[in-house]
Amino acid sequence: MTNSARSSNENPTGSAYDAAINELNKLLLILENVTNSITTSKYNPFYYHGALPQFYLWVLFLSGLLLFAYYIPTIDNAYLSARLVNAWTSVQYITDKLPFGGIIRCIHRYAGDAMVIFTVLHAIRVWFTDRYRQYRWVQWVTGIILFLMVLFIGQTGYYLVWDERSLLLTRMTASALEVLPIFGGPLKTAFLNGETITNLTLSNFLFIHIGLSFTLLFVLWLHYVRMTRPVITPPPAINYILVASILLVAFMFPITSGKMADLNTAPTSFEMDWFFLFPYAFMSAVPLVVFWVGGVIIAFVALVLPWLVRNVSPPVIPAEVVIDKCTGCSLCYKDCPYQAIEMVPAPAGSRFKLLATVKTARCSSCGICVGACAFDAIDLPNLTDSDVTAQIKALVEAK
Amino acid sequence: MIKSGKDLLIIVLAASCLIVSLVLQPWAELGFNGDFPAWISWLTGWLGIDKFFNWLGNCQFAKDIQEFLSQQGAQANFGEYAYCLFLFVALIVAAIAIILIGREESEEKLLLPVKK
């Protein structure tokens with residue numbers, strides 16, 4: 001049993017927080033078991049919860065590439081002439097004229113919404129199952145950063161349509177940036193790519209939308225770097241269901257644009273998409289200072305969550321290598337799911353070339369390395385072979 | 001060939017998937033008025049589903065879909081949205097079939113390693 005599993009089952013501190021997490025974890029386990037009985041473990045989406053948003057990311061890249069081929073990032077309205085070519089008309093062309101363009105647009109939009117939903121569910125799952133701290137803090141912190149990036153990328157997607165909602169969102173964002181101390185002015189200028197909204201502004205939005213999307217890949221790498229075998233692709237049956245869900249929503253709710261943005265007008269309301277635009281609801285409800293302070297506090301608390309509840313469970317006691325027995329075969333190194341074992345040159349005088357060493361900060365005390373070793377050369381100090389045998393016997397006798 | 005109810009179910013699901021993919025999706029894609037007998041004559045002749053095509057052409061289904069999509073804000077390409085719907089059905093049927101077929105293989109078999 002891992003340390004994290006112990007913490008969620010035994011409720012060591014007895015705090016209200018711990019009890020609540022335990023109850024929610026039990027609820028998730030019930031849902032998981034029900035899903036298993038229907039789909040078996042192989043096709044249970046609970047076991048691919050991290051891979052689901054990743055799958056939608058690939059859908060977004062592909063559909064975005066197709067939209068990018070026909071998108072024109074300009075805001076010209078040229079007195080609304082009949083042959084007008086700008087961002088809004090290019091989006092209209094994609095939606096109504098281009099074969100399957102409307103569908104691709106729907107897929108792009110709803111895959112983004114789905115990515116947000118599944119990212120939140122993924123975060124809730126790792127939170128309730130206590131897999132976000134200690135040796136997994138890197139995944140949690142990079143996950144929060146990824147989520148914030150996805151939100152911002154999604155919001156820039158709304159700017160690109162260049163309807164009245166885009167105009168209002170752009171103005172709200174510029175105003176919000178302007179109130180920031182010291183960097184407010186330059187940030188607003190960088191956001192608009194100038195002092196006012198021009199064609200360059202939309203070019204900037206397109207660059208942010210696409211450039212930041214590719215930056216996601218780097219942060220994803222950081223997200224995975226401490227995992228030996230991350231599950232990043234769901235099985236085909238789940239992929240089919242994920243795509244099918246998007247197609248059904250595309251049929252049920254076809255995407256349309258609002259009126260073309262006109263810089264001489266001042267729209268005051270817009271249709272809300274709660275998946276991406278909820279910060280704007282917060283922004284319009286409170287003073288901008290409160291918005292920023294509140295936003296920073298929420299993001300900071302989310303980032304440091306792994307350390308806020310640090311004392312809930314007993315500390316992880318890392319595995320220990322018995323130097324005299326280690327043959328340097330690397331079996332433990334290959335099996336460790338957290339890359340907590342490093343093979344180093346064996347000390348002088350050894351019969352073997354390599355020696356296993358444990359990176360204590362990464363060790364989860366899961367015991368996989370103990371099972372992998374054929375030479376009894378690695379042990380958990382607080383859980384020896386005889387302890388495990390005794391626990392199994394006790395469990396069997398209890399039944 | 002058919003040894004159990006599961007085999008029969010798989011065949012029915014596969015046939016459903018084929019019908020949706022080969023009949024309903026092209027029908028939607030071609031704007032609800034594709035010349036099916038000419039386009040996939042081998043299929044209509046082989047399966048004898050001309051009556052189904054005729055029924056599709058005459059029923060209110062297309063009008064209902066168009067009306068629904070119009071209410072939802074779509075302005076053009078209704079057939080493409082309907083294609084989405086039928087592709088959804090085909091994908092869900094295919095997913096169910098895959099899960100059913102792979103079900104036995106996916107049952108976890110617990111093998112306890114023996115340490116020597």
# chains A, B, ... in the order shown; residues from 1 in each chain; ligands from 1
>>> residues_around(residues="B:Val12", least_positions_apart="3", cutoff="12 Å", atoms="only C-alpha atoms", output="VMD selection string")
chain B and resid 2 5 to 9 15 to 19 93 to 94 96 to 97
>>> write_last_selection(atoms="all heavy atoms", output="short mmCIF file (atom, residue, chain, number, x, y, z; two decimals), in the first residue's frame")
data_model
loop_
_atom_site.label_atom_id
_atom_site.label_comp_id
_atom_site.auth_asym_id
_atom_site.auth_seq_id
_atom_site.Cartn_x
_atom_site.Cartn_y
_atom_site.Cartn_z
N ILE B 2 -22.39 -18.23 -35.77
CA ILE B 2 -22.97 -17.54 -34.63
C ILE B 2 -23.10 -18.53 -33.48
O ILE B 2 -23.90 -19.46 -33.53
CB ILE B 2 -24.36 -16.95 -34.97
CG1 ILE B 2 -24.21 -15.96 -36.13
CG2 ILE B 2 -24.97 -16.28 -33.76
CD1 ILE B 2 -25.51 -15.42 -36.64
N GLY B 5 -25.32 -15.31 -28.22
CA GLY B 5 -26.06 -14.05 -28.39
C GLY B 5 -25.13 -12.89 -28.64
O GLY B 5 -25.46 -11.94 -29.36
N LYS B 6 -23.92 -13.00 -28.07
CA LYS B 6 -22.96 -11.90 -28.23
C LYS B 6 -22.53 -11.77 -29.69
O LYS B 6 -22.42 -10.67 -30.22
CB LYS B 6 -21.75 -12.18 -27.34
CG LYS B 6 -20.78 -11.04 -27.29
CD LYS B 6 -19.58 -11.42 -26.46
CE LYS B 6 -18.34 -10.82 -27.05
NZ LYS B 6 -17.13 -11.30 -26.41
N ASP B 7 -22.30 -12.94 -30.34
CA ASP B 7 -21.92 -12.91 -31.76
C ASP B 7 -23.01 -12.23 -32.59
O ASP B 7 -22.73 -11.42 -33.48
CB ASP B 7 -21.68 -14.33 -32.27
CG ASP B 7 -20.47 -14.96 -31.61
OD1 ASP B 7 -19.64 -14.20 -31.08
OD2 ASP B 7 -20.36 -16.20 -31.61
N LEU B 8 -24.24 -12.58 -32.28
CA LEU B 8 -25.38 -12.00 -33.01
C LEU B 8 -25.43 -10.49 -32.79
O LEU B 8 -25.63 -9.71 -33.73
CB LEU B 8 -26.68 -12.66 -32.53
CG LEU B 8 -27.95 -12.24 -33.30
CD1 LEU B 8 -27.88 -12.72 -34.74
CD2 LEU B 8 -29.18 -12.79 -32.62
N LEU B 9 -25.20 -10.11 -31.55
CA LEU B 9 -25.22 -8.68 -31.21
C LEU B 9 -24.13 -7.93 -31.98
O LEU B 9 -24.35 -6.83 -32.50
CB LEU B 9 -25.01 -8.52 -29.70
CG LEU B 9 -25.15 -7.10 -29.14
CD1 LEU B 9 -26.53 -6.55 -29.39
CD2 LEU B 9 -24.84 -7.09 -27.64
N ALA B 15 -23.67 -4.29 -38.70
CA ALA B 15 -24.59 -3.94 -39.79
C ALA B 15 -25.15 -2.54 -39.59
O ALA B 15 -25.24 -1.75 -40.55
CB ALA B 15 -25.71 -4.97 -39.84
N SER B 16 -25.48 -2.22 -38.33
CA SER B 16 -26.01 -0.87 -38.05
C SER B 16 -24.98 0.18 -38.41
O SER B 16 -25.30 1.22 -39.00
CB SER B 16 -26.34 -0.73 -36.56
OG SER B 16 -27.12 -1.79 -36.13
N CYS B 17 -23.73 -0.10 -38.04
CA CYS B 17 -22.65 0.85 -38.32
C CYS B 17 -22.50 1.05 -39.83
O CYS B 17 -22.35 2.17 -40.32
CB CYS B 17 -21.37 0.30 -37.71
SG CYS B 17 -20.10 1.52 -37.49
N LEU B 18 -22.57 -0.05 -40.57
CA LEU B 18 -22.45 0.03 -42.03
C LEU B 18 -23.60 0.82 -42.64
O LEU B 18 -23.40 1.65 -43.52
CB LEU B 18 -22.44 -1.38 -42.61
CG LEU B 18 -21.07 -2.07 -42.70
CD1 LEU B 18 -21.25 -3.49 -43.20
CD2 LEU B 18 -20.16 -1.29 -43.63
N ILE B 19 -24.81 0.54 -42.16
CA ILE B 19 -25.98 1.24 -42.73
C ILE B 19 -25.89 2.73 -42.48
O ILE B 19 -26.10 3.55 -43.37
CB ILE B 19 -27.27 0.65 -42.13
CG1 ILE B 19 -27.48 -0.76 -42.68
CG2 ILE B 19 -28.48 1.53 -42.45
CD1 ILE B 19 -28.59 -1.54 -42.00
N VAL B 93 -21.86 3.35 -32.16
CA VAL B 93 -22.09 1.92 -32.41
C VAL B 93 -20.76 1.19 -32.52
O VAL B 93 -20.58 0.10 -31.96
CB VAL B 93 -22.93 1.74 -33.70
CG1 VAL B 93 -23.00 0.28 -34.08
CG2 VAL B 93 -24.33 2.29 -33.49
N ALA B 94 -19.80 1.80 -33.22
CA ALA B 94 -18.48 1.18 -33.37
C ALA B 94 -17.79 1.04 -32.01
O ALA B 94 -17.17 0.01 -31.73
CB ALA B 94 -17.62 2.02 -34.31
N ILE B 96 -19.22 0.78 -29.07
CA ILE B 96 -19.88 -0.28 -28.29
C ILE B 96 -19.42 -1.65 -28.79
O ILE B 96 -19.12 -2.55 -28.00
CB ILE B 96 -21.43 -0.15 -28.41
CG1 ILE B 96 -21.89 1.11 -27.69
CG2 ILE B 96 -22.12 -1.38 -27.80
CD1 ILE B 96 -23.35 1.46 -27.92
N ALA B 97 -19.32 -1.78 -30.12
CA ALA B 97 -18.87 -3.05 -30.69
C ALA B 97 -17.44 -3.37 -30.24
O ALA B 97 -17.15 -4.51 -29.85
CB ALA B 97 -18.95 -2.99 -32.21
#
>>> interface_residues(of="chain A", to="chain B", cutoff="7 Å", atoms="only C-alpha atoms", output="ChimeraX atom specification")
/A:39-43,96,100,103,237,240-241,244,247-248,251,253-254,256,374
>>> write_last_selection(atoms="all heavy atoms", output="short mmCIF file (atom, residue, chain, number, x, y, z; two decimals), in the first residue's frame")
data_model
loop_
_atom_site.label_atom_id
_atom_site.label_comp_id
_atom_site.auth_asym_id
_atom_site.auth_seq_id
_atom_site.Cartn_x
_atom_site.Cartn_y
_atom_site.Cartn_z
N THR A 39 -17.95 -1.34 -18.68
CA THR A 39 -16.97 -1.23 -19.79
C THR A 39 -15.74 -2.11 -19.60
O THR A 39 -14.95 -2.23 -20.54
CB THR A 39 -16.48 0.22 -19.92
OG1 THR A 39 -15.79 0.59 -18.73
CG2 THR A 39 -17.63 1.18 -20.14
N THR A 40 -15.54 -2.68 -18.44
CA THR A 40 -14.29 -3.32 -18.00
C THR A 40 -13.21 -2.25 -17.83
O THR A 40 -13.34 -1.14 -18.36
CB THR A 40 -13.77 -4.41 -18.96
OG1 THR A 40 -13.24 -3.79 -20.10
CG2 THR A 40 -14.83 -5.44 -19.30
N SER A 41 -12.15 -2.63 -17.13
CA SER A 41 -11.12 -1.64 -16.79
C SER A 41 -10.40 -1.09 -18.03
O SER A 41 -9.91 0.02 -18.04
CB SER A 41 -10.11 -2.25 -15.83
OG SER A 41 -9.54 -3.41 -16.41
N LYS A 42 -10.38 -1.91 -19.09
CA LYS A 42 -9.66 -1.49 -20.30
C LYS A 42 -10.27 -0.25 -20.95
O LYS A 42 -9.58 0.57 -21.54
CB LYS A 42 -9.65 -2.65 -21.30
CG LYS A 42 -8.81 -2.40 -22.53
CD LYS A 42 -8.81 -3.62 -23.42
CE LYS A 42 -8.01 -3.39 -24.69
NZ LYS A 42 -8.07 -4.57 -25.57
N TYR A 43 -11.58 -0.14 -20.86
CA TYR A 43 -12.28 0.97 -21.53
C TYR A 43 -12.89 1.95 -20.53
O TYR A 43 -13.77 2.71 -20.88
CB TYR A 43 -13.36 0.43 -22.45
CG TYR A 43 -12.81 -0.50 -23.50
CD1 TYR A 43 -13.02 -1.88 -23.42
CD2 TYR A 43 -12.07 -0.02 -24.56
CE1 TYR A 43 -12.51 -2.73 -24.38
CE2 TYR A 43 -11.54 -0.86 -25.50
CZ TYR A 43 -11.76 -2.22 -25.41
OH TYR A 43 -11.24 -3.06 -26.35
N ASP A 96 -20.18 29.10 -43.51
CA ASP A 96 -21.33 28.90 -44.41
C ASP A 96 -20.96 28.44 -45.82
O ASP A 96 -21.80 27.86 -46.51
CB ASP A 96 -22.13 30.21 -44.52
CG ASP A 96 -22.81 30.55 -43.21
OD1 ASP A 96 -23.00 29.62 -42.39
OD2 ASP A 96 -23.12 31.73 -42.99
N PHE A 100 -17.88 21.67 -45.12
CA PHE A 100 -17.64 21.18 -43.76
C PHE A 100 -16.89 22.18 -42.88
O PHE A 100 -16.42 21.83 -41.81
CB PHE A 100 -16.92 19.83 -43.76
CG PHE A 100 -17.85 18.68 -44.07
CD1 PHE A 100 -18.03 18.26 -45.38
CD2 PHE A 100 -18.56 18.06 -43.07
CE1 PHE A 100 -18.90 17.24 -45.68
CE2 PHE A 100 -19.45 17.04 -43.36
CZ PHE A 100 -19.62 16.62 -44.67
N ILE A 103 -18.65 22.69 -39.60
CA ILE A 103 -18.46 21.55 -38.69
C ILE A 103 -17.08 21.63 -38.04
O ILE A 103 -16.94 21.42 -36.83
CB ILE A 103 -18.56 20.21 -39.48
CG1 ILE A 103 -19.89 20.15 -40.23
CG2 ILE A 103 -18.40 19.02 -38.53
CD1 ILE A 103 -21.10 20.23 -39.37
N ALA A 237 -11.87 2.88 -28.62
CA ALA A 237 -13.31 2.97 -28.32
C ALA A 237 -13.61 4.28 -27.59
O ALA A 237 -14.62 4.95 -27.87
CB ALA A 237 -13.73 1.78 -27.47
N TYR A 240 -13.38 7.18 -30.01
CA TYR A 240 -14.60 7.27 -30.83
C TYR A 240 -15.69 8.01 -30.07
O TYR A 240 -16.39 8.87 -30.62
CB TYR A 240 -15.10 5.86 -31.19
CG TYR A 240 -14.31 5.15 -32.27
CD1 TYR A 240 -13.06 5.59 -32.67
CD2 TYR A 240 -14.83 4.03 -32.90
CE1 TYR A 240 -12.34 4.94 -33.64
CE2 TYR A 240 -14.11 3.35 -33.89
CZ TYR A 240 -12.87 3.81 -34.24
OH TYR A 240 -12.17 3.16 -35.21
N ILE A 241 -15.83 7.65 -28.80
CA ILE A 241 -16.90 8.27 -27.99
C ILE A 241 -16.61 9.77 -27.80
O ILE A 241 -17.51 10.59 -27.86
CB ILE A 241 -17.03 7.55 -26.63
CG1 ILE A 241 -17.55 6.13 -26.87
CG2 ILE A 241 -17.97 8.30 -25.71
CD1 ILE A 241 -17.49 5.22 -25.66
N ALA A 244 -17.41 11.42 -31.06
CA ALA A 244 -18.85 11.36 -31.27
C ALA A 244 -19.56 12.40 -30.41
O ALA A 244 -20.51 13.06 -30.88
CB ALA A 244 -19.36 9.95 -30.94
N LEU A 247 -19.36 15.70 -32.04
CA LEU A 247 -20.21 15.77 -33.24
C LEU A 247 -21.68 15.96 -32.85
O LEU A 247 -22.40 16.72 -33.51
CB LEU A 247 -20.04 14.50 -34.07
CG LEU A 247 -18.67 14.33 -34.73
CD1 LEU A 247 -18.55 12.97 -35.40
CD2 LEU A 247 -18.43 15.44 -35.75
N LEU A 248 -22.09 15.29 -31.80
CA LEU A 248 -23.48 15.43 -31.37
C LEU A 248 -23.75 16.87 -30.92
O LEU A 248 -24.76 17.47 -31.30
CB LEU A 248 -23.79 14.46 -30.22
CG LEU A 248 -25.22 14.53 -29.70
CD1 LEU A 248 -26.22 14.11 -30.77
CD2 LEU A 248 -25.41 13.67 -28.46
N PHE A 251 -24.04 19.15 -33.82
CA PHE A 251 -25.37 19.08 -34.47
C PHE A 251 -26.41 19.81 -33.62
O PHE A 251 -27.24 20.55 -34.15
CB PHE A 251 -25.78 17.61 -34.65
CG PHE A 251 -27.18 17.45 -35.15
CD1 PHE A 251 -27.48 17.64 -36.49
CD2 PHE A 251 -28.21 17.12 -34.28
CE1 PHE A 251 -28.79 17.51 -36.95
CE2 PHE A 251 -29.52 16.99 -34.73
CZ PHE A 251 -29.80 17.18 -36.08
N PHE A 253 -26.00 22.19 -31.34
CA PHE A 253 -25.78 23.64 -31.14
C PHE A 253 -24.77 24.17 -32.16
O PHE A 253 -23.60 24.42 -31.82
CB PHE A 253 -25.26 23.90 -29.71
CG PHE A 253 -26.10 23.29 -28.65
CD1 PHE A 253 -25.69 22.12 -28.01
CD2 PHE A 253 -27.31 23.85 -28.28
CE1 PHE A 253 -26.47 21.53 -27.02
CE2 PHE A 253 -28.09 23.27 -27.29
CZ PHE A 253 -27.67 22.11 -26.66
N PRO A 254 -25.19 24.36 -33.40
CA PRO A 254 -24.26 24.90 -34.41
C PRO A 254 -23.72 26.27 -33.98
O PRO A 254 -24.45 27.07 -33.41
CB PRO A 254 -25.13 25.04 -35.66
CG PRO A 254 -26.30 24.15 -35.42
CD PRO A 254 -26.54 24.13 -33.95
N THR A 256 -22.49 30.00 -34.37
CA THR A 256 -22.70 31.15 -35.25
C THR A 256 -21.96 32.35 -34.65
O THR A 256 -21.69 32.37 -33.45
CB THR A 256 -24.21 31.50 -35.35
OG1 THR A 256 -24.72 31.63 -34.02
CG2 THR A 256 -24.97 30.42 -36.08
N ALA A 374 15.29 -8.99 -8.22
CA ALA A 374 15.40 -10.44 -8.06
C ALA A 374 16.45 -10.82 -7.03
O ALA A 374 16.70 -12.00 -6.80
CB ALA A 374 15.73 -11.07 -9.40
#
>>> closest_residue(among="A:Lys97, A:Arg83, A:His49, A:Arg171", to="A:Ile117", atoms="only C-alpha atoms")
A:His49
>>> closest_residue(among="B:Leu22, B:Ile11, B:Gly31, B:Ser4", to="B:Lys63", atoms="only C-alpha atoms")
B:Gly31
>>> residues_around(residues="A:Leu220", least_positions_apart="6", cutoff="9 Å", atoms="only C-alpha atoms", output="PyMOL selection string")
chain A and resi 142-143+146
>>> write_last_selection(atoms="N, CA and C atoms", output="PDB file, in the first residue's frame")
ATOM      1  N   THR A 142       2.587  22.075 -12.818  1.00  0.00           N
ATOM      2  CA  THR A 142       2.554  22.269 -14.275  1.00  0.00           C
ATOM      3  C   THR A 142       1.130  22.115 -14.802  1.00  0.00           C
ATOM      4  N   GLY A 143       0.338  21.289 -14.131  1.00  0.00           N
ATOM      5  CA  GLY A 143      -1.070  21.129 -14.535  1.00  0.00           C
ATOM      6  C   GLY A 143      -1.850  22.417 -14.356  1.00  0.00           C
ATOM      7  N   LEU A 146      -0.759  24.737 -17.025  1.00  0.00           N
ATOM      8  CA  LEU A 146      -1.380  24.329 -18.292  1.00  0.00           C
ATOM      9  C   LEU A 146      -2.833  24.792 -18.367  1.00  0.00           C
TER      10      LEU A 146
END
>>> select_by_dssp(residues="stretch 134-241 of chain A", states="helix (DSSP H, G or I)", output="JSON, numbers by chain")
{"A": [134, 135, 136, 137, 138, 139, 140, 141, 142, 143, 144, 145, 146, 147, 148, 149, 150, 151, 152, 153, 154, 155, 156, 157, 158, 159, 160, 164, 165, 166, 167, 168, 169, 170, 171, 172, 173, 174, 175, 176, 177, 178, 184, 185, 186, 187, 188, 189, 190, 191, 192, 199, 200, 201, 202, 203, 204, 205, 206, 207, 208, 209, 210, 211, 212, 213, 214, 215, 216, 217, 218, 219, 220, 221, 222, 223, 224, 236, 237, 238, 239, 240, 241]}
>>> residues_around(residues="stretch 343-359 of chain A", least_positions_apart="4", cutoff="7 Å", atoms="only C-alpha atoms", output="ChimeraX atom specification")
/A:319-321,326-328,330,363
>>> atom_distance(atom1="atom CA of A:Phe128", atom2="atom CA of A:Phe275")
21.9 Å
>>> atom_distance(atom1="atom CA of B:Leu56", atom2="atom CA of A:Pro99")
23.1 Å
>>> residues_around(residues="stretch 228-233 of chain A", least_positions_apart="3", cutoff="6 Å", atoms="only C-alpha atoms", output="PDB file with N, CA, C and O atoms, in the first residue's frame")
ATOM      1  N   ALA A  51      -5.485  11.476 -20.082  1.00  0.00           N
ATOM      2  CA  ALA A  51      -5.335  11.368 -21.538  1.00  0.00           C
ATOM      3  C   ALA A  51      -6.498  12.015 -22.286  1.00  0.00           C
ATOM      4  O   ALA A  51      -6.363  12.350 -23.470  1.00  0.00           O
ATOM      5  N   PRO A 337       7.808   3.858 -11.591  1.00  0.00           N
ATOM      6  CA  PRO A 337       6.911   4.729 -12.367  1.00  0.00           C
ATOM      7  C   PRO A 337       7.237   6.216 -12.230  1.00  0.00           C
ATOM      8  O   PRO A 337       6.697   7.028 -12.959  1.00  0.00           O
ATOM      9  N   TYR A 338       8.073   6.575 -11.260  1.00  0.00           N
ATOM     10  CA  TYR A 338       8.305   8.003 -10.993  1.00  0.00           C
ATOM     11  C   TYR A 338       9.735   8.445 -11.291  1.00  0.00           C
ATOM     12  O   TYR A 338      10.139   9.520 -10.868  1.00  0.00           O
ATOM     13  N   GLN A 339      10.472   7.613 -11.973  1.00  0.00           N
ATOM     14  CA  GLN A 339      11.865   7.922 -12.277  1.00  0.00           C
ATOM     15  C   GLN A 339      12.634   8.295 -11.013  1.00  0.00           C
ATOM     16  O   GLN A 339      13.435   9.232 -11.004  1.00  0.00           O
TER      17      GLN A 339
END
>>> closest_residue(among="A:Leu148, A:Ile107, A:Val243, A:Val322", to="A:Ala302", atoms="only C-alpha atoms")
A:Leu148
>>> residues_around(residues="A:Glu164", least_positions_apart="3", cutoff="6 Å", atoms="only C-alpha atoms", output="MDAnalysis selection string")
chainID A and resid 167 259:261
>>> closest_residue(among="A:Arg131, A:His122, A:Arg109, A:His209", to="A:Tyr159", atoms="only C-alpha atoms")
A:His209
>>> residues_around(residues="A:Val138", least_positions_apart="6", cutoff="8 Å", atoms="only C-alpha atoms", output="list in words")
Leu222, His223 and Arg226 of chain A
